[in-house]
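Novice: Below you'll find input30.tsv; it's TSV, C-alpha atoms and all ligand atoms.
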chain	number	residue	atom	x	y	z
A	4	MET	CA	-11.93	-21.63	-31.68
A	5	HIS	CA	-10.12	-20.64	-34.93
A	6	TYR	CA	-7.88	-17.62	-35.19
A	7	GLU	CA	-6.64	-16.08	-38.45
A	8	PRO	CA	-2.83	-15.78	-38.44
A	9	ALA	CA	-2.88	-12.01	-37.76
A	10	LYS	CA	-5.35	-12.43	-34.91
A	11	LEU	CA	-3.36	-15.28	-33.49
A	12	GLN	CA	-0.27	-13.09	-33.42
A	13	GLN	CA	-2.22	-10.40	-31.63
A	14	LYS	CA	-3.44	-12.87	-29.10
A	15	GLU	CA	0.07	-14.12	-28.44
A	16	LYS	CA	1.29	-10.58	-27.99
A	17	ALA	CA	-1.43	-9.92	-25.48
A	18	GLN	CA	-0.42	-13.02	-23.59
A	19	GLN	CA	3.21	-11.93	-23.51
A	20	PHE	CA	2.08	-8.63	-22.10
A	21	GLN	CA	0.14	-10.34	-19.39
A	22	THR	CA	3.18	-12.36	-18.41
A	23	CYS	CA	5.24	-9.17	-18.02
A	24	ASP	CA	2.50	-7.81	-15.84
A	25	TYR	CA	2.73	-10.90	-13.73
A	26	THR	CA	-0.95	-11.67	-13.77
A	27	ILE	CA	-0.46	-15.24	-14.88
A	28	GLY	CA	1.88	-18.17	-14.90
A	29	LEU	CA	5.48	-18.11	-13.78
A	30	GLU	CA	5.57	-14.75	-12.10
A	31	ILE	CA	2.86	-15.71	-9.61
A	32	TYR	CA	4.76	-18.88	-8.91
A	33	ARG	CA	7.98	-16.97	-8.38
A	34	SER	CA	6.61	-14.21	-6.14
A	35	ARG	CA	4.79	-16.68	-3.95
A	36	PHE	CA	8.13	-18.09	-2.87
A	37	THR	CA	10.04	-14.85	-2.62
A	38	VAL	CA	11.19	-14.29	0.94
A	39	SER	CA	11.00	-10.78	2.31
A	40	ILE	CA	11.92	-9.16	5.62
A	41	LEU	CA	8.33	-7.85	5.58
A	42	HIS	CA	7.07	-11.40	6.19
A	43	ARG	CA	8.45	-11.23	9.70
A	44	ALA	CA	6.27	-8.27	10.70
A	45	SER	CA	4.29	-8.62	13.89
A	46	PHE	CA	1.85	-6.39	15.73
A	47	THR	CA	3.82	-4.23	18.14
A	48	VAL	CA	1.72	-1.36	19.50
A	49	SER	CA	-1.33	0.84	18.90
A	50	ALA	CA	-1.54	4.57	19.52
A	51	ALA	CA	-4.63	6.77	19.69
A	52	ARG	CA	-2.64	9.98	19.72
A	53	LEU	CA	0.69	11.05	18.31
A	54	ASP	CA	2.22	11.44	21.77
A	55	GLN	CA	1.57	7.75	22.44
A	56	LEU	CA	3.84	6.60	19.62
A	57	PRO	CA	7.21	5.06	20.46
A	58	PRO	CA	10.24	7.32	19.99
A	59	PRO	CA	11.00	7.82	16.28
A	60	THR	CA	14.17	5.76	16.16
A	61	THR	CA	13.80	3.49	13.10
A	62	ALA	CA	12.32	3.86	9.63
A	63	GLU	CA	8.54	3.83	9.36
A	64	VAL	CA	6.51	3.12	6.23
A	65	ALA	CA	2.97	4.45	6.53
A	66	PHE	CA	-0.05	2.98	4.75
A	67	VAL	CA	-2.84	5.42	3.97
A	68	GLY	CA	-6.03	5.19	1.97
A	69	ARG	CA	-9.79	5.52	1.98
A	70	SER	CA	-11.81	2.93	3.82
A	71	ASN	CA	-12.35	-0.06	1.57
A	72	SER	CA	-9.43	0.87	-0.72
A	73	GLY	CA	-7.78	-2.47	0.06
A	74	LYS	CA	-5.29	-1.28	2.68
A	75	SER	CA	-5.64	-4.24	5.04
A	76	SER	CA	-5.51	-6.72	2.16
A	77	ALA	CA	-2.33	-5.08	0.85
A	78	ILE	CA	-0.60	-5.19	4.26
A	79	ASN	CA	-1.59	-8.83	4.66
A	80	VAL	CA	-0.24	-9.94	1.28
A	81	LEU	CA	2.95	-7.87	1.63
A	82	THR	CA	3.64	-9.47	5.01
A	83	ASN	CA	2.46	-12.89	3.77
A	84	GLN	CA	0.09	-13.15	6.73
A	85	ARG	CA	-3.59	-13.81	6.50
A	86	ARG	CA	-4.85	-11.68	9.30
A	87	LEU	CA	-2.15	-9.28	10.41
A	88	ALA	CA	-3.96	-6.11	9.36
A	89	PHE	CA	-7.49	-7.48	9.55
A	90	SER	CA	-6.89	-7.94	13.24
A	91	SER	CA	-6.97	-4.16	13.44
A	92	LYS	CA	-10.59	-4.31	12.27
A	93	THR	CA	-11.60	-5.34	15.78
A	94	PRO	CA	-13.69	-2.56	17.33
A	95	GLY	CA	-11.58	0.20	18.78
A	96	ARG	CA	-8.47	-0.48	16.79
A	97	THR	CA	-9.67	0.95	13.47
A	98	ARG	CA	-9.18	4.53	14.61
A	99	LEU	CA	-5.76	3.86	15.99
A	100	ILE	CA	-2.33	4.03	14.49
A	101	ASN	CA	-1.16	0.39	14.47
A	102	LEU	CA	2.54	-0.39	14.28
A	103	PHE	CA	3.84	-3.69	12.93
A	104	GLY	CA	7.50	-4.19	13.75
A	105	ILE	CA	10.06	-5.83	11.46
A	106	PRO	CA	12.52	-7.58	13.78
A	107	ASP	CA	16.23	-6.93	13.38
A	108	PRO	CA	17.83	-10.35	12.81
A	109	LEU	CA	21.13	-9.18	14.30
A	110	GLN	CA	19.70	-7.59	17.43
A	111	PRO	CA	17.09	-9.60	19.29
A	112	GLY	CA	14.28	-7.38	20.58
A	113	ALA	CA	15.19	-4.50	18.27
A	114	HIS	CA	13.36	-3.48	15.10
A	115	LEU	CA	14.66	-2.73	11.62
A	116	GLY	CA	11.59	-0.63	11.07
A	117	PHE	CA	7.81	-0.46	11.27
A	118	LEU	CA	4.88	-0.76	8.92
A	119	VAL	CA	2.35	1.77	10.14
A	120	ASP	CA	-1.36	1.25	9.49
A	121	LEU	CA	-3.00	4.67	9.66
A	122	PRO	CA	-6.75	5.15	10.11
A	123	GLY	CA	-8.73	4.89	6.86
A	124	TYR	CA	-10.57	8.02	5.79
A	125	GLY	CA	-13.69	9.00	3.91
A	126	TYR	CA	-16.06	6.51	5.48
A	127	ALA	CA	-19.45	8.13	4.97
A	128	ALA	CA	-21.12	6.79	8.11
A	129	VAL	CA	-18.67	8.49	10.44
A	130	ALA	CA	-19.74	11.81	11.96
A	131	GLN	CA	-18.04	14.93	10.66
A	132	GLU	CA	-16.45	15.69	14.04
A	133	ALA	CA	-14.84	12.26	14.28
A	134	ARG	CA	-13.65	12.59	10.70
A	135	GLU	CA	-11.87	15.84	11.50
A	136	GLU	CA	-10.23	14.20	14.50
A	137	TRP	CA	-8.89	11.46	12.23
A	138	ALA	CA	-7.67	14.08	9.82
A	139	ASP	CA	-5.70	15.67	12.67
A	140	VAL	CA	-4.09	12.35	13.60
A	141	LEU	CA	-3.35	11.48	9.98
A	142	GLY	CA	-2.12	14.91	8.99
A	143	GLY	CA	-0.12	15.28	12.20
A	144	TYR	CA	1.58	11.95	11.75
A	145	LEU	CA	2.41	12.50	8.07
A	146	ARG	CA	3.74	16.00	8.61
A	147	GLU	CA	5.56	15.68	11.89
A	148	ARG	CA	6.88	12.15	12.16
A	149	SER	CA	10.63	12.45	11.73
A	150	SER	CA	11.13	8.69	11.27
A	151	LEU	CA	8.76	8.52	8.29
A	152	ALA	CA	10.76	6.96	5.45
A	153	GLY	CA	8.02	6.40	2.89
A	154	ILE	CA	4.27	6.47	2.32
A	155	VAL	CA	2.21	3.79	0.61
A	156	MET	CA	-0.99	5.35	-0.70
A	157	LEU	CA	-3.77	2.91	-1.54
A	158	ILE	CA	-6.11	4.00	-4.32
A	159	ASP	CA	-8.86	1.80	-5.74
A	160	ILE	CA	-7.91	1.61	-9.42
A	161	ARG	CA	-11.51	1.92	-10.57
A	162	ARG	CA	-12.27	4.92	-8.36
A	163	GLY	CA	-9.07	6.82	-9.01
A	164	VAL	CA	-7.92	9.82	-6.98
A	165	THR	CA	-10.67	11.25	-4.78
A	166	GLU	CA	-10.99	14.64	-3.09
A	167	LEU	CA	-9.72	13.24	0.21
A	168	ASP	CA	-6.73	11.63	-1.53
A	169	ARG	CA	-5.88	15.02	-2.99
A	170	ARG	CA	-6.16	16.64	0.44
A	171	LEU	CA	-3.76	14.05	1.76
A	172	ALA	CA	-1.38	14.73	-1.11
A	173	HIS	CA	-1.35	18.41	-0.08
A	174	TRP	CA	-0.16	17.42	3.40
A	175	ILE	CA	2.44	15.06	2.05
A	176	ALA	CA	3.92	17.11	-0.79
A	177	PRO	CA	5.80	19.69	1.35
A	178	THR	CA	7.45	16.96	3.45
A	179	GLY	CA	9.30	15.52	0.46
A	180	VAL	CA	8.70	11.98	1.76
A	181	PRO	CA	8.56	9.53	-1.19
A	182	VAL	CA	5.17	8.05	-2.04
A	183	LEU	CA	4.31	4.72	-3.62
A	184	ALA	CA	0.75	4.77	-4.94
A	185	LEU	CA	-0.65	1.26	-5.16
A	186	LEU	CA	-3.62	1.18	-7.53
A	187	THR	CA	-5.47	-1.60	-5.80
A	188	LYS	CA	-7.86	-4.24	-7.15
A	189	ALA	CA	-6.06	-4.03	-10.52
A	190	ASP	CA	-7.35	-7.54	-11.26
A	191	LYS	CA	-10.70	-5.87	-11.99
A	192	LEU	CA	-9.35	-4.00	-15.02
A	193	PRO	CA	-7.70	-5.23	-18.25
A	194	TYR	CA	-4.07	-4.28	-18.87
A	195	GLY	CA	-4.73	-1.23	-21.08
A	196	GLN	CA	-7.07	0.38	-18.56
A	197	ARG	CA	-4.63	-0.26	-15.75
A	198	MET	CA	-1.97	1.69	-17.59
A	199	LYS	CA	-4.44	4.53	-18.23
A	200	ALA	CA	-5.20	4.63	-14.52
A	201	VAL	CA	-1.49	4.89	-13.72
A	202	VAL	CA	-1.13	7.89	-16.04
A	203	ALA	CA	-4.21	9.57	-14.52
A	204	VAL	CA	-2.96	9.10	-10.95
A	205	ARG	CA	0.47	10.47	-11.83
A	206	ARG	CA	-1.17	13.52	-13.35
A	207	GLU	CA	-3.57	14.12	-10.47
A	208	LEU	CA	-0.96	13.69	-7.77
A	209	ALA	CA	1.72	15.64	-9.59
A	210	ASP	CA	2.13	17.85	-6.46
A	211	ILE	CA	4.02	14.98	-4.93
A	212	GLY	CA	7.49	15.15	-6.39
A	213	ALA	CA	8.72	11.67	-5.47
A	214	LEU	CA	5.73	9.63	-6.63
A	215	GLN	CA	5.65	6.13	-8.09
A	216	ALA	CA	2.35	4.59	-9.18
A	217	VAL	CA	1.90	0.89	-9.89
A	218	PRO	CA	-1.09	-1.39	-10.46
A	219	PHE	CA	-1.55	-3.75	-7.51
A	220	SER	CA	-3.77	-6.67	-6.58
A	221	ALA	CA	-3.75	-8.45	-3.26
A	222	THR	CA	-5.81	-11.33	-4.62
A	223	HIS	CA	-3.84	-11.79	-7.88
A	224	ARG	CA	-0.46	-10.67	-6.51
A	225	ILE	CA	-0.05	-8.04	-9.22
A	226	GLY	CA	2.75	-5.57	-8.44
A	227	LEU	CA	3.68	-7.45	-5.28
A	228	GLU	CA	7.39	-7.79	-6.02
A	229	ASP	CA	7.68	-4.17	-7.05
A	230	ALA	CA	5.89	-2.91	-3.94
A	231	THR	CA	7.92	-5.22	-1.69
A	232	ALA	CA	11.20	-3.95	-3.15
A	233	HIS	CA	10.18	-0.32	-2.59
A	234	ILE	CA	9.14	-0.86	1.00
A	235	GLU	CA	12.16	-2.99	1.89
A	236	ASN	CA	14.38	-0.32	0.45
A	237	TRP	CA	12.77	2.35	2.64
A	238	ILE	CA	13.11	0.23	5.74
A	239	SER	CA	16.55	-1.14	5.15
A	240	PRO	CA	18.42	0.32	2.15
A	241	LYS	CA	21.12	-2.29	2.72
A	242	VAL	CA	18.78	-5.14	1.80
A	243	VAL	CA	17.91	-3.76	-1.64
A	244	PRO	CA	20.73	-1.51	-2.88
B	1	LIG	N1	-10.79	-8.09	-6.42
B	1	LIG	C1	-10.07	-7.63	-5.40
B	1	LIG	N2	-10.67	-7.28	-4.24
B	1	LIG	C2	-9.91	-6.79	-3.23
B	1	LIG	C3	-8.51	-6.64	-3.38
B	1	LIG	N3	-8.03	-6.11	-2.23
B	1	LIG	C4	-9.09	-5.95	-1.41
B	1	LIG	N4	-10.23	-6.36	-1.99
B	1	LIG	C5	-11.59	-6.35	-1.41
B	1	LIG	O1	-11.96	-5.01	-1.11
B	1	LIG	C6	-12.65	-4.93	0.12
B	1	LIG	C7	-11.92	-3.99	1.09
B	1	LIG	O2	-10.65	-4.52	1.40
B	1	LIG	P1	-9.87	-4.16	2.75
B	1	LIG	O3	-8.50	-4.70	2.61
B	1	LIG	O4	-10.64	-4.55	3.97
B	1	LIG	O5	-9.87	-2.55	2.64
B	1	LIG	P2	-9.51	-1.44	3.74
B	1	LIG	O6	-10.81	-0.96	4.29
B	1	LIG	O7	-8.84	-0.35	2.95
B	1	LIG	O8	-8.60	-2.05	4.76
B	1	LIG	C8	-12.73	-6.35	0.66
B	1	LIG	O9	-13.97	-6.89	0.30
B	1	LIG	C9	-11.60	-7.06	-0.07
B	1	LIG	O10	-11.85	-8.44	-0.23
B	1	LIG	C10	-7.90	-7.04	-4.63
B	1	LIG	O11	-6.70	-6.94	-4.85
B	1	LIG	N5	-8.73	-7.53	-5.58
B	2	MG	MG	-8.75	-2.08	6.80
Produce structure tokens that represent the structure in this file.
Specialist:
Amino acid sequence: MHYEPAKLQQKEKAQQFQTCDYTIGLEIYRSRFTVSILHRASFTVSAARLDQLPPPTTAEVAFVGRSNSGKSSAINVLTNQRRLAFSSKTPGRTRLINLFGIPDPLQPGAHLGFLVDLPGYGYAAVAQEAREEWADVLGGYLRERSSLAGIVMLIDIRRGVTELDRRLAHWIAPTGVPVLALLTKADKLPYGQRMKAVVAVRRELADIGALQAVPFSATHRIGLEDATAHIENWISPKVVP
């Protein structure tokens, strides 16, 4: 294929952009070998009700999002484990709060913190009554959990912010807990549209004071380093100053 000089320049610029956005080349290579404390996460305990949770002693980072938003895939890629969060797909565990502990290297048996997989919401096939029960668990956890250090909100980049996401934002906003919105499946959109989605999410979730929004892809490892740094910082501020 032949490109006129101006077009060629444009094309090169676009490629540079893509590199910054770590969709191709070196950045993938680099992030694949980045070691994170999150990689050491392992399943610790499930709770059906808030009073079954362990005492709130160490930092917890909660993952919330609609069913099918890519929550399990995100947890798996962040922890560099194929099936850590998918294991919670087994019947019975989907409605539970699942805690994945990050071991403390200096204190065997103790945890630096927990990644908390909260029940997905908005699944149409679930009866209204059960949905409200989930809302109670979700809302209760997000509002009352004193050890909550940060919230990762998963939003499908093509769907954007839904009514249920907004409802969740209303619960979160008064707590002042920082939120990282991962706009998942970003590989499905070109760069320009990703950036538009980021702006839209920031606008629609403006209620949340401490909000960061970044494009993310579990399959293409977009935004992985950024998300990892945020979460590590919430769990152990000493690791990432
Ligand atoms: N293209 C693409 N598909 C994804 C990505 N993350 C998840 N998916 C797909 O989206 C669907 C739902 O993902 P899952 O992690 O189970 O969502 P959950 O219900 O929120 O836990 C699955 O078919 C995944 O393969 C991604 O980054 N890119
Ligand atoms: Mg899931």
Novice: Using all atoms listed in the file, determine which residues lie at most 12 Å from Glu207 in chain A, disregarding the query and same-chain residues fewer than 2 positions distant; provide the list as a count of residues only.
Specialist: 22
Novice: When distances are computed from all atoms listed in the file, which of A:Thr47, A:His223, A:Leu171, A:Pro193 shows the smallest separation from Gly112 in chain A?
Specialist: A:Thr47
Novice: With all atoms listed in the file counted, collect every polymer residue having an atom within 12 Å of ligand LIG 1 (chain B); state the result as a tab-separated table (two decimals) with C-alpha atoms, in the coordinates of the input.
Specialist:
chain	number	residue	atom	x	y	z
A	26	THR	CA	-0.95	-11.67	-13.77
A	66	PHE	CA	-0.05	2.98	4.75
A	67	VAL	CA	-2.84	5.42	3.97
A	68	GLY	CA	-6.03	5.19	1.97
A	69	ARG	CA	-9.79	5.52	1.98
A	70	SER	CA	-11.81	2.93	3.82
A	71	ASN	CA	-12.35	-0.06	1.57
A	72	SER	CA	-9.43	0.87	-0.72
A	73	GLY	CA	-7.78	-2.47	0.06
A	74	LYS	CA	-5.29	-1.28	2.68
A	75	SER	CA	-5.64	-4.24	5.04
A	76	SER	CA	-5.51	-6.72	2.16
A	77	ALA	CA	-2.33	-5.08	0.85
A	78	ILE	CA	-0.60	-5.19	4.26
A	79	ASN	CA	-1.59	-8.83	4.66
A	80	VAL	CA	-0.24	-9.94	1.28
A	81	LEU	CA	2.95	-7.87	1.63
A	85	ARG	CA	-3.59	-13.81	6.50
A	86	ARG	CA	-4.85	-11.68	9.30
A	87	LEU	CA	-2.15	-9.28	10.41
A	88	ALA	CA	-3.96	-6.11	9.36
A	89	PHE	CA	-7.49	-7.48	9.55
A	90	SER	CA	-6.89	-7.94	13.24
A	91	SER	CA	-6.97	-4.16	13.44
A	92	LYS	CA	-10.59	-4.31	12.27
A	93	THR	CA	-11.60	-5.34	15.78
A	97	THR	CA	-9.67	0.95	13.47
A	98	ARG	CA	-9.18	4.53	14.61
A	120	ASP	CA	-1.36	1.25	9.49
A	121	LEU	CA	-3.00	4.67	9.66
A	122	PRO	CA	-6.75	5.15	10.11
A	123	GLY	CA	-8.73	4.89	6.86
A	124	TYR	CA	-10.57	8.02	5.79
A	125	GLY	CA	-13.69	9.00	3.91
A	126	TYR	CA	-16.06	6.51	5.48
A	156	MET	CA	-0.99	5.35	-0.70
A	157	LEU	CA	-3.77	2.91	-1.54
A	158	ILE	CA	-6.11	4.00	-4.32
A	159	ASP	CA	-8.86	1.80	-5.74
A	160	ILE	CA	-7.91	1.61	-9.42
A	161	ARG	CA	-11.51	1.92	-10.57
A	185	LEU	CA	-0.65	1.26	-5.16
A	186	LEU	CA	-3.62	1.18	-7.53
A	187	THR	CA	-5.47	-1.60	-5.80
A	188	LYS	CA	-7.86	-4.24	-7.15
A	189	ALA	CA	-6.06	-4.03	-10.52
A	190	ASP	CA	-7.35	-7.54	-11.26
A	191	LYS	CA	-10.70	-5.87	-11.99
A	192	LEU	CA	-9.35	-4.00	-15.02
A	218	PRO	CA	-1.09	-1.39	-10.46
A	219	PHE	CA	-1.55	-3.75	-7.51
A	220	SER	CA	-3.77	-6.67	-6.58
A	221	ALA	CA	-3.75	-8.45	-3.26
A	222	THR	CA	-5.81	-11.33	-4.62
A	223	HIS	CA	-3.84	-11.79	-7.88
A	224	ARG	CA	-0.46	-10.67	-6.51
A	225	ILE	CA	-0.05	-8.04	-9.22
A	226	GLY	CA	2.75	-5.57	-8.44
A	227	LEU	CA	3.68	-7.45	-5.28
Novice: Please compute the CA of Ala152 in chain A-CA of Val180 in chain A distance, one decimal, in Å.
Specialist: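 Atom-to-atom, CA of Ala152 in chain A and CA of Val180 in chain A are spaced 6.6 Å apart.
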Novice: Using all atoms listed in the file, can you tell me which of A:Thr37, A:Glu228, A:Asn101, A:Phe46 comes closest to ligand MG 2 (chain B)?
Specialist: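 Among the listed residues, the smallest separation from ligand MG 2 (chain B) belongs to A:Asn101.
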Novice: Which value, in Å to one decimal, gives the distance between CA of Gln215 in chain A and CA of Arg162 in chain A?
Specialist: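 Atom-to-atom, CA of Gln215 in chain A and CA of Arg162 in chain A are spaced 18.0 Å apart.
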Novice: Name the residues in contact with Gly142 in chain A at a cut-off of 9 Å, using only C-alpha atoms, excluding same-chain residues fewer than 5 positions from it; report them as a list in words.
Specialist: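 The residues satisfying every condition are Trp137, Glu147, Leu171, Trp174 and Ile175 of chain A.
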Novice: Please measure the separation of CA of Asp139 in chain A and CA of Trp237 in chain A, giving the value in Å to one decimal.
Specialist: 24.9 Å
Novice: Just checking: using only C-alpha atoms and all ligand atoms, which residue out of A:Leu109, A:Gly116, A:Leu99, A:Gly195 ends up closest to ligand MG 2 (chain B)?
Specialist: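 Of the candidates, the smallest distance to ligand MG 2 (chain B) is held by A:Leu99.
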Novice: Of the candidates A:Ala51, A:Ala62, A:Ile100, A:Leu141, which one gets nearest to ligand MG 2 (chain B) if we count all atoms listed in the file?
Specialist: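 Nearest to ligand MG 2 (chain B): A:Ile100.
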Novice: With distances taken over only C-alpha atoms, which of A:Arg52, A:Ser239, A:Thr61, A:Ser45 is nearest to Ser149 in chain A?
Specialist: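 Of all the options, A:Thr61 lies closest to Ser149 in chain A.
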Novice: Near Pro108 in chain A, counting only C-alpha atoms, which residues have an atom at most 12 Å away, once you skip same-chain residues fewer than 5 positions from it, shown as a list in words?
Specialist: Ile40, Arg43, Ala44, Ala113, His114, Leu115 and Gly116 of chain A
Novice: Write out as AutoDock Vina command-line options an axis-aligned box for range 166-184 of chain A: all of its atoms listed in the file, 6 Å added on each side, centre and edge lengths in Å with one decimal.
Specialist:
--center_x -0.8 --center_y 12.2 --center_z -0.7 --size_x 32.3 --size_y 27.0 --size_z 20.4
Novice: Residues at most 10 Å from Pro57 in chain A, counting all atoms listed in the file, excluding those fewer than 6 positions away in the same chain, as a list in words?
Specialist: Val48, Ser49, Ala50 and Leu102 of chain A
Novice: For the residues in that selection, give me C-alpha atoms as a tab-separated table (two decimals), in the coordinates of the input.
Specialist:
chain	number	residue	atom	x	y	z
A	48	VAL	CA	1.72	-1.36	19.50
A	49	SER	CA	-1.33	0.84	18.90
A	50	ALA	CA	-1.54	4.57	19.52
A	102	LEU	CA	2.54	-0.39	14.28
Novice: What's around range 229-234 of chain A at 8 Å? Count all atoms listed in the file, leave out sequence neighbours fewer than 6 positions away in its own chain, and write the answer as an MDAnalysis selection string.
Specialist: chainID A and resid 39 41 64 81 153 183 185 243
